[in-house]
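Coordinates as given in start_27.tsv (TSV, C-alpha atoms):
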chain	number	residue	atom	x	y	z
V	1	MET	CA	186.20	-3.62	-72.94
V	2	PHE	CA	187.15	-1.52	-75.95
V	3	THR	CA	189.98	0.99	-76.14
V	4	LEU	CA	191.50	3.17	-78.81
V	5	THR	CA	195.10	4.07	-78.09
V	6	THR	CA	197.87	6.14	-79.57
V	7	GLU	CA	200.40	4.13	-77.53
V	8	ALA	CA	201.93	0.74	-78.34
V	9	ILE	CA	199.50	-2.03	-77.40
V	10	ASP	CA	200.66	-3.75	-74.20
V	11	THR	CA	199.65	-7.28	-75.11
V	12	GLN	CA	201.17	-8.76	-71.95
V	13	SER	CA	199.03	-6.80	-69.52
V	14	LEU	CA	195.92	-7.23	-71.69
V	15	GLN	CA	196.48	-10.97	-71.61
V	16	GLU	CA	196.55	-10.90	-67.82
V	17	ARG	CA	193.22	-9.08	-67.73
V	18	LEU	CA	191.60	-11.98	-69.60
V	19	ARG	CA	192.50	-14.52	-66.96
V	20	ASP	CA	189.59	-15.88	-64.96
V	21	ASN	CA	189.17	-19.03	-62.89
V	22	ARG	CA	186.17	-20.02	-65.01
V	23	ALA	CA	188.19	-19.83	-68.22
V	24	GLY	CA	190.15	-22.81	-69.49
V	25	ALA	CA	190.95	-21.19	-72.84
V	26	LEU	CA	192.50	-17.87	-73.67
V	27	ILE	CA	192.84	-16.75	-77.29
V	28	ILE	CA	194.83	-13.73	-78.39
V	29	PHE	CA	194.70	-12.30	-81.89
V	30	GLU	CA	197.05	-9.52	-82.94
V	31	GLY	CA	196.76	-7.70	-86.26
V	32	VAL	CA	200.23	-6.50	-87.20
V	33	VAL	CA	201.40	-3.96	-89.77
V	34	ARG	CA	202.99	-5.83	-92.69
V	35	ASN	CA	205.29	-4.46	-95.33
V	36	HIS	CA	203.09	-5.07	-98.37
V	37	ASN	CA	199.48	-4.88	-99.48
V	38	GLU	CA	197.88	-5.70	-102.81
V	39	GLY	CA	201.20	-5.70	-104.63
V	40	LYS	CA	202.55	-2.47	-103.16
V	41	ASP	CA	205.46	-2.05	-100.73
V	42	VAL	CA	204.18	-0.44	-97.54
V	43	LYS	CA	206.53	1.56	-95.29
V	44	ALA	CA	204.05	2.84	-92.68
V	45	LEU	CA	200.35	3.19	-91.82
V	46	SER	CA	198.21	5.86	-90.23
V	47	TYR	CA	194.95	4.96	-88.52
V	48	GLU	CA	192.10	7.30	-87.76
V	49	ALA	CA	188.90	6.51	-85.87
V	50	CYS	CA	185.62	8.08	-84.86
V	51	GLU	CA	185.95	7.36	-81.15
V	52	SER	CA	182.34	7.84	-80.01
V	53	LEU	CA	180.90	5.73	-82.81
V	54	ALA	CA	183.69	3.13	-82.52
V	55	LYS	CA	182.95	2.68	-78.82
V	56	ALA	CA	179.25	2.24	-79.47
V	57	GLU	CA	179.85	-0.20	-82.32
V	58	ALA	CA	182.42	-2.21	-80.30
V	59	GLU	CA	179.88	-2.56	-77.49
V	60	ARG	CA	177.35	-3.87	-80.01
V	61	ILE	CA	179.91	-6.39	-81.32
V	62	PHE	CA	180.71	-7.52	-77.76
V	63	ALA	CA	177.00	-7.93	-76.96
V	64	GLU	CA	176.60	-10.09	-80.06
V	65	ALA	CA	179.65	-12.16	-79.12
V	66	TYR	CA	178.34	-12.78	-75.59
V	67	GLU	CA	175.00	-13.79	-77.00
V	68	ARG	CA	176.36	-16.12	-79.67
V	69	PHE	CA	179.24	-17.74	-77.79
V	70	ASP	CA	179.79	-19.08	-74.31
V	71	ILE	CA	182.67	-16.80	-73.33
V	72	VAL	CA	183.88	-15.30	-70.07
V	73	LYS	CA	185.65	-12.09	-71.15
V	74	CYS	CA	186.54	-10.25	-74.33
V	75	LEU	CA	188.78	-7.29	-75.07
V	76	LEU	CA	189.38	-5.21	-78.17
V	77	VAL	CA	192.10	-2.58	-78.50
V	78	HIS	CA	192.84	-0.63	-81.67
V	79	ARG	CA	195.77	1.67	-82.34
V	80	VAL	CA	195.31	5.06	-83.95
V	81	GLY	CA	197.95	7.45	-85.25
V	82	ASP	CA	201.14	6.57	-87.08
V	83	LEU	CA	202.36	2.96	-87.05
V	84	GLN	CA	205.50	1.31	-88.34
V	85	ILE	CA	206.00	-2.13	-89.86
V	86	ALA	CA	205.63	-4.87	-87.19
V	87	ASP	CA	203.60	-2.68	-84.83
V	88	ALA	CA	200.43	-4.27	-83.47
V	89	ALA	CA	197.43	-2.41	-84.90
V	90	VAL	CA	194.67	-4.38	-83.23
V	91	PHE	CA	194.37	-6.77	-80.29
V	92	VAL	CA	191.48	-9.16	-79.69
V	93	GLY	CA	191.46	-11.26	-76.54
V	94	VAL	CA	188.83	-13.78	-75.51
V	95	SER	CA	188.61	-16.14	-72.59
V	96	ALA	CA	186.11	-18.98	-72.32
V	97	ALA	CA	185.60	-22.20	-70.45
V	98	HIS	CA	186.49	-24.18	-73.59
V	99	ARG	CA	188.61	-23.51	-76.67
V	100	ASP	CA	185.95	-23.99	-79.35
V	101	GLN	CA	183.92	-21.07	-78.09
V	102	ALA	CA	187.02	-18.93	-77.52
V	103	TYR	CA	188.29	-19.48	-81.08
V	104	ALA	CA	184.87	-18.85	-82.59
V	105	ALA	CA	184.28	-15.68	-80.60
V	106	SER	CA	187.76	-14.35	-81.38
V	107	ARG	CA	187.14	-14.89	-85.08
V	108	TYR	CA	183.74	-13.25	-84.86
V	109	ILE	CA	185.04	-10.18	-83.06
V	110	ILE	CA	187.95	-9.54	-85.44
V	111	ASP	CA	185.81	-10.14	-88.54
V	112	GLU	CA	183.05	-7.80	-87.36
V	113	THR	CA	185.65	-5.24	-86.27
V	114	LYS	CA	187.16	-5.17	-89.74
V	115	LYS	CA	183.74	-4.89	-91.36
V	116	ARG	CA	182.08	-2.42	-89.02
V	117	LEU	CA	184.33	-0.46	-86.70
V	118	PRO	CA	184.68	3.15	-87.89
V	119	VAL	CA	188.45	3.01	-88.23
V	120	TRP	CA	190.31	4.05	-91.37
V	121	LYS	CA	193.77	3.14	-92.57
V	122	LYS	CA	196.02	5.17	-94.79
V	123	GLU	CA	198.89	3.26	-96.33
V	124	HIS	CA	202.16	5.03	-97.04
V	125	TYR	CA	204.16	3.29	-99.75
V	126	THR	CA	207.87	3.11	-100.41
V	127	ASP	CA	207.31	5.04	-103.67
V	128	GLN	CA	206.18	8.02	-101.49
V	129	SER	CA	202.53	7.73	-102.54
V	130	SER	CA	199.74	7.04	-100.05
V	131	ALA	CA	196.11	5.94	-100.12
V	132	TRP	CA	193.13	5.38	-97.85
V	133	VAL	CA	192.54	1.63	-97.95
V	134	ASN	CA	189.19	0.53	-99.43
V	135	CYS	CA	188.21	4.05	-100.44
V	136	ALA	CA	188.98	3.69	-104.11
V	137	HIS	CA	187.44	0.42	-105.11
V	138	ARG	CA	185.53	-1.35	-102.36
V	139	GLU	CA	182.14	-0.81	-100.83
V	140	HIS	CA	180.95	-1.57	-97.33
V	141	GLN	CA	180.18	-5.18	-96.68
V	142	PRO	CA	176.55	-5.58	-95.77
V	143	CYS	CA	176.21	-5.97	-92.02
V	144	THR	CA	174.29	-8.94	-90.77
Y	1	MET	CA	163.19	12.62	-102.32
Y	2	ALA	CA	164.72	15.85	-103.57
Y	3	ALA	CA	164.83	18.89	-101.36
Y	4	THR	CA	162.11	21.33	-102.28
Y	5	THR	CA	162.33	25.08	-102.08
Y	6	GLY	CA	159.43	25.15	-99.67
Y	7	SER	CA	161.10	22.93	-97.08
Y	8	ARG	CA	162.34	24.58	-93.96
Y	9	SER	CA	165.98	24.96	-93.09
Y	10	ARG	CA	167.61	22.78	-90.45
Y	11	SER	CA	170.87	23.15	-88.60
Y	12	VAL	CA	172.94	19.98	-88.40
Y	13	LYS	CA	176.50	19.14	-87.48
Y	14	VAL	CA	178.45	17.01	-89.95
Y	15	ARG	CA	181.62	15.16	-88.94
Y	16	TYR	CA	184.17	14.04	-91.52
Y	17	PHE	CA	186.82	11.35	-91.31
Y	18	ALA	CA	189.61	9.94	-93.45
Y	19	LEU	CA	189.20	10.70	-97.17
Y	20	LEU	CA	186.14	12.91	-96.60
Y	21	LYS	CA	188.02	14.95	-94.01
Y	22	GLU	CA	190.92	15.47	-96.42
Y	23	GLU	CA	188.62	16.45	-99.25
Y	24	ARG	CA	186.59	18.84	-97.10
Y	25	GLY	CA	189.67	20.22	-95.34
Y	26	LEU	CA	188.05	20.15	-91.91
Y	27	ALA	CA	186.83	17.65	-89.32
Y	28	GLU	CA	183.36	19.03	-88.67
Y	29	GLU	CA	181.03	21.84	-89.51
Y	30	THR	CA	177.57	23.04	-88.61
Y	31	ILE	CA	175.48	23.71	-91.66
Y	32	GLU	CA	172.09	25.08	-92.50
Y	33	THR	CA	170.37	22.93	-95.07
Y	34	ARG	CA	167.01	22.51	-96.70
Y	35	ALA	CA	167.75	18.84	-97.40
Y	36	GLU	CA	165.02	16.68	-95.93
Y	37	SER	CA	166.87	13.39	-95.79
Y	38	ILE	CA	170.45	12.33	-95.15
Y	39	ALA	CA	170.66	11.18	-98.77
Y	40	ASP	CA	169.72	14.68	-99.94
Y	41	LEU	CA	172.25	16.22	-97.58
Y	42	TYR	CA	175.05	14.04	-98.94
Y	43	LYS	CA	174.07	14.96	-102.50
Y	44	GLU	CA	174.25	18.62	-101.56
Y	45	LEU	CA	177.64	18.26	-99.86
Y	46	GLN	CA	179.06	16.06	-102.59
Y	47	ALA	CA	178.11	18.61	-105.25
Y	48	ARG	CA	179.56	21.46	-103.21
Y	49	HIS	CA	182.83	19.81	-102.20
Y	50	LYS	CA	183.39	17.34	-105.06
Y	51	PHE	CA	183.59	14.31	-102.76
Y	52	ALA	CA	184.92	11.30	-104.66
Y	53	LEU	CA	183.01	8.73	-102.61
Y	54	ARG	CA	179.52	7.84	-103.81
Y	55	ALA	CA	176.75	7.55	-101.25
Y	56	GLU	CA	176.60	3.81	-102.01
Y	57	GLN	CA	180.17	3.49	-100.67
Y	58	LEU	CA	179.30	5.14	-97.36
Y	59	ARG	CA	177.46	4.26	-94.21
Y	60	VAL	CA	175.96	6.99	-92.12
Y	61	ALA	CA	175.39	7.43	-88.39
Y	62	VAL	CA	173.40	9.93	-86.39
Y	63	GLY	CA	175.12	10.22	-83.04
Y	64	ASP	CA	176.11	6.70	-82.00
Y	65	ASP	CA	173.67	4.84	-84.24
Y	66	PHE	CA	173.97	3.78	-87.84
Y	67	VAL	CA	170.89	4.78	-89.82
Y	68	ASP	CA	169.52	4.55	-93.37
Y	69	PHE	CA	170.36	7.24	-95.90
Y	70	SER	CA	166.62	7.70	-96.33
Y	71	SER	CA	166.29	8.87	-92.70
Y	72	PRO	CA	164.89	12.37	-92.26
Y	73	LEU	CA	167.12	15.18	-91.03
Y	74	ASN	CA	166.34	16.73	-87.69
Y	75	ASP	CA	167.59	19.93	-86.16
Y	76	ASP	CA	170.82	19.47	-84.18
Y	77	ASP	CA	171.52	15.99	-85.56
Y	78	VAL	CA	175.20	15.03	-85.48
Y	79	ILE	CA	175.75	13.25	-88.76
Y	80	ILE	CA	178.78	11.09	-89.41
Y	81	PHE	CA	179.43	9.99	-92.97
Y	82	VAL	CA	181.46	6.81	-92.66
Y	83	PRO	CA	183.83	6.08	-95.54
Y	84	PRO	CA	184.63	2.41	-96.23
Y	85	VAL	CA	186.27	1.21	-93.02
Y	86	ALA	CA	189.66	-0.48	-92.85
Y	87	GLY	CA	190.41	-1.34	-89.27
Y	88	GLY	CA	192.59	-4.25	-88.19
Would it be possible to restate this file's structure as structure tokens?
Amino acid sequence: MFTLTTEAIDTQSLQERLRDNRAGALIIFEGVVRNHNEGKDVKALSYEACESLAKAEAERIFAEAYERFDIVKCLLVHRVGDLQIADAAVFVGVSAAHRDQAYAASRYIIDETKKRLPVWKKEHYTDQSSAWVNCAHREHQPCT
Amino acid sequence: MAATTGSRSRSVKVRYFALLKEERGLAEETIETRAESIADLYKELQARHKFALRAEQLRVAVGDDFVDFSSPLNDDDVIIFVPPVAGG
């Protein structure tokens, strides 16, 4: 399941949704807003997404994860809108019978999300400037 | 392939996000174009609106599917130019 939300991510209830009697491992990854990036002091972030395309791409990532790894459930939630330092920006949850597959799938989902999900991040710095991350100097990673 | 004067006009919707949305000043527009491919359309829009991002920095989707820049344009396509993503 994939969700975009303007509300704080409720990690507790998401974690409960991953539980399953077949699953002996449950891995949670949270991406959190930190106060610095590439040498600049960050005071806040804004996220924007293309919801229709993000949903379609998340479903493709999930399908790949189910095909590659022996997992029971996976969840992905991404915040949009204005976030403060220490807010959770992204949540990835995976349950699986065994931990190896849960760890691997969690890593796969967050890595592909960062490479492929149509979500954009604007950093607001303490010096009052702001910038869209990756738009000045980085190109898309090739998708495999 | 460059758009030729003889090519017929198509009506497509273009959606903008992030830096492109700021530079264009709006989130979407329906445009009439004689561009035959998505690459030609981006060239046309980039020249008109002075977009800073080069086509090589973008991905592009039609509807819910990512496609090649060389893809032909069709009437009523919804085209999403995807600036470098930065989720997570």
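Minimum distance to Ser106 in chain V across V:Ile61, V:Ile85, V:Glu38, V:Lys121 (counting all atoms listed in the file) occurs at V:Ile61.
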Using only C-alpha atoms, find which residues of chain Y lie within 12 Å of chain V and jot them down as a PDB file with C-alpha atoms, in the frame of the given file.
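Written file, out_18.pdb:
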ATOM      1  CA  ARG Y  15     181.620  15.160 -88.940  1.00  0.00           C
ATOM      2  CA  TYR Y  16     184.170  14.040 -91.520  1.00  0.00           C
ATOM      3  CA  PHE Y  17     186.820  11.350 -91.310  1.00  0.00           C
ATOM      4  CA  ALA Y  18     189.610   9.940 -93.450  1.00  0.00           C
ATOM      5  CA  LEU Y  19     189.200  10.700 -97.170  1.00  0.00           C
ATOM      6  CA  LEU Y  20     186.140  12.910 -96.600  1.00  0.00           C
ATOM      7  CA  LYS Y  21     188.020  14.950 -94.010  1.00  0.00           C
ATOM      8  CA  GLU Y  22     190.920  15.470 -96.420  1.00  0.00           C
ATOM      9  CA  ALA Y  27     186.830  17.650 -89.320  1.00  0.00           C
ATOM     10  CA  GLU Y  28     183.360  19.030 -88.670  1.00  0.00           C
ATOM     11  CA  PHE Y  51     183.590  14.310-102.760  1.00  0.00           C
ATOM     12  CA  ALA Y  52     184.920  11.300-104.660  1.00  0.00           C
ATOM     13  CA  LEU Y  53     183.010   8.730-102.610  1.00  0.00           C
ATOM     14  CA  ARG Y  54     179.520   7.840-103.810  1.00  0.00           C
ATOM     15  CA  ALA Y  55     176.750   7.550-101.250  1.00  0.00           C
ATOM     16  CA  GLU Y  56     176.600   3.810-102.010  1.00  0.00           C
ATOM     17  CA  GLN Y  57     180.170   3.490-100.670  1.00  0.00           C
ATOM     18  CA  LEU Y  58     179.300   5.140 -97.360  1.00  0.00           C
ATOM     19  CA  ARG Y  59     177.460   4.260 -94.210  1.00  0.00           C
ATOM     20  CA  VAL Y  60     175.960   6.990 -92.120  1.00  0.00           C
ATOM     21  CA  ALA Y  61     175.390   7.430 -88.390  1.00  0.00           C
ATOM     22  CA  VAL Y  62     173.400   9.930 -86.390  1.00  0.00           C
ATOM     23  CA  GLY Y  63     175.120  10.220 -83.040  1.00  0.00           C
ATOM     24  CA  ASP Y  64     176.110   6.700 -82.000  1.00  0.00           C
ATOM     25  CA  ASP Y  65     173.670   4.840 -84.240  1.00  0.00           C
ATOM     26  CA  PHE Y  66     173.970   3.780 -87.840  1.00  0.00           C
ATOM     27  CA  VAL Y  78     175.200  15.030 -85.480  1.00  0.00           C
ATOM     28  CA  ILE Y  79     175.750  13.250 -88.760  1.00  0.00           C
ATOM     29  CA  ILE Y  80     178.780  11.090 -89.410  1.00  0.00           C
ATOM     30  CA  PHE Y  81     179.430   9.990 -92.970  1.00  0.00           C
ATOM     31  CA  VAL Y  82     181.460   6.810 -92.660  1.00  0.00           C
ATOM     32  CA  PRO Y  83     183.830   6.080 -95.540  1.00  0.00           C
ATOM     33  CA  PRO Y  84     184.630   2.410 -96.230  1.00  0.00           C
ATOM     34  CA  VAL Y  85     186.270   1.210 -93.020  1.00  0.00           C
ATOM     35  CA  ALA Y  86     189.660  -0.480 -92.850  1.00  0.00           C
ATOM     36  CA  GLY Y  87     190.410  -1.340 -89.270  1.00  0.00           C
ATOM     37  CA  GLY Y  88     192.590  -4.250 -88.190  1.00  0.00           C
TER      38      GLY Y  88
END
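The interatomic distance for the pair CA of Ala102 in chain V and CA of Phe2 in chain V works out to 17.5 Å.
Residues with any atom within 9 Å of the point (180.0, -13.8, -78.1), counting only C-alpha atoms, are Ile61, Phe62, Ala63, Glu64, Ala65, Tyr66, Glu67, Arg68, Phe69, Asp70, Ile71, Cys74, Gln101, Ala102, Ala104, Ala105, Ser106, Tyr108 and Ile109 of chain V.
CA of Arg22 in chain V is found 7.3 Å from CA of Val72 in chain V.
Taking CA of His98 in chain V and CA of Ala23 in chain V as the two end points, the separation is 7.1 Å.
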Step by step, gather every atom of range 116-132 of chain V that the file lists, find the box along x, y and z that holds them, add 5 Å on each side, and finally give centre and edge lengths in Å to one decimal, as lines of an AutoDock Vina configuration file.
center_x = 195.0
center_y = 2.8
center_z = -95.2
size_x = 35.8
size_y = 20.4
size_z = 27.0
Atoms are missing here; could range 70-87 of chain Y be completed with N, CA and C atoms and written as a PDB file, keeping the file's coordinate frame?
ATOM      1  N   SER Y  70     167.945   7.118 -96.105  1.00  0.00           N
ATOM      2  CA  SER Y  70     166.620   7.700 -96.330  1.00  0.00           C
ATOM      3  C   SER Y  70     166.061   8.378 -95.072  1.00  0.00           C
ATOM      4  N   SER Y  71     166.788   8.278 -93.955  1.00  0.00           N
ATOM      5  CA  SER Y  71     166.290   8.870 -92.700  1.00  0.00           C
ATOM      6  C   SER Y  71     166.121  10.376 -92.850  1.00  0.00           C
ATOM      7  N   PRO Y  72     165.082  10.923 -92.200  1.00  0.00           N
ATOM      8  CA  PRO Y  72     164.890  12.370 -92.260  1.00  0.00           C
ATOM      9  C   PRO Y  72     165.943  13.106 -91.438  1.00  0.00           C
ATOM     10  N   LEU Y  73     166.200  14.338 -91.802  1.00  0.00           N
ATOM     11  CA  LEU Y  73     167.120  15.180 -91.030  1.00  0.00           C
ATOM     12  C   LEU Y  73     166.341  15.902 -89.944  1.00  0.00           C
ATOM     13  N   ASN Y  74     166.955  15.981 -88.782  1.00  0.00           N
ATOM     14  CA  ASN Y  74     166.340  16.730 -87.690  1.00  0.00           C
ATOM     15  C   ASN Y  74     167.319  17.796 -87.205  1.00  0.00           C
ATOM     16  N   ASP Y  75     166.749  18.874 -86.702  1.00  0.00           N
ATOM     17  CA  ASP Y  75     167.590  19.930 -86.160  1.00  0.00           C
ATOM     18  C   ASP Y  75     168.549  19.362 -85.127  1.00  0.00           C
ATOM     19  N   ASP Y  76     169.782  19.828 -85.157  1.00  0.00           N
ATOM     20  CA  ASP Y  76     170.820  19.470 -84.180  1.00  0.00           C
ATOM     21  C   ASP Y  76     171.323  18.031 -84.287  1.00  0.00           C
ATOM     22  N   ASP Y  77     170.925  17.315 -85.337  1.00  0.00           N
ATOM     23  CA  ASP Y  77     171.520  15.990 -85.560  1.00  0.00           C
ATOM     24  C   ASP Y  77     173.030  16.127 -85.729  1.00  0.00           C
ATOM     25  N   VAL Y  78     173.765  15.128 -85.201  1.00  0.00           N
ATOM     26  CA  VAL Y  78     175.200  15.030 -85.480  1.00  0.00           C
ATOM     27  C   VAL Y  78     175.347  13.873 -86.464  1.00  0.00           C
ATOM     28  N   ILE Y  79     175.739  14.231 -87.677  1.00  0.00           N
ATOM     29  CA  ILE Y  79     175.750  13.250 -88.760  1.00  0.00           C
ATOM     30  C   ILE Y  79     177.183  12.884 -89.101  1.00  0.00           C
ATOM     31  N   ILE Y  80     177.439  11.577 -89.108  1.00  0.00           N
ATOM     32  CA  ILE Y  80     178.780  11.090 -89.410  1.00  0.00           C
ATOM     33  C   ILE Y  80     178.701  10.275 -90.691  1.00  0.00           C
ATOM     34  N   PHE Y  81     179.329  10.772 -91.735  1.00  0.00           N
ATOM     35  CA  PHE Y  81     179.430   9.990 -92.970  1.00  0.00           C
ATOM     36  C   PHE Y  81     180.646   9.086 -92.832  1.00  0.00           C
ATOM     37  N   VAL Y  82     180.424   7.795 -92.941  1.00  0.00           N
ATOM     38  CA  VAL Y  82     181.460   6.810 -92.660  1.00  0.00           C
ATOM     39  C   VAL Y  82     182.018   6.240 -93.958  1.00  0.00           C
ATOM     40  N   PRO Y  83     183.212   6.664 -94.353  1.00  0.00           N
ATOM     41  CA  PRO Y  83     183.830   6.080 -95.540  1.00  0.00           C
ATOM     42  C   PRO Y  83     184.083   4.590 -95.323  1.00  0.00           C
ATOM     43  N   PRO Y  84     184.363   3.839 -96.407  1.00  0.00           N
ATOM     44  CA  PRO Y  84     184.630   2.410 -96.230  1.00  0.00           C
ATOM     45  C   PRO Y  84     185.699   2.196 -95.147  1.00  0.00           C
ATOM     46  N   VAL Y  85     185.378   1.360 -94.173  1.00  0.00           N
ATOM     47  CA  VAL Y  85     186.270   1.210 -93.020  1.00  0.00           C
ATOM     48  C   VAL Y  85     187.416   0.260 -93.363  1.00  0.00           C
ATOM     49  N   ALA Y  86     188.495   0.373 -92.606  1.00  0.00           N
ATOM     50  CA  ALA Y  86     189.660  -0.480 -92.850  1.00  0.00           C
ATOM     51  C   ALA Y  86     190.446  -0.681 -91.569  1.00  0.00           C
ATOM     52  N   GLY Y  87     189.718  -1.077 -90.516  1.00  0.00           N
ATOM     53  CA  GLY Y  87     190.410  -1.340 -89.270  1.00  0.00           C
ATOM     54  C   GLY Y  87     191.135  -2.680 -89.330  1.00  0.00           C
TER      55      GLY Y  87
END
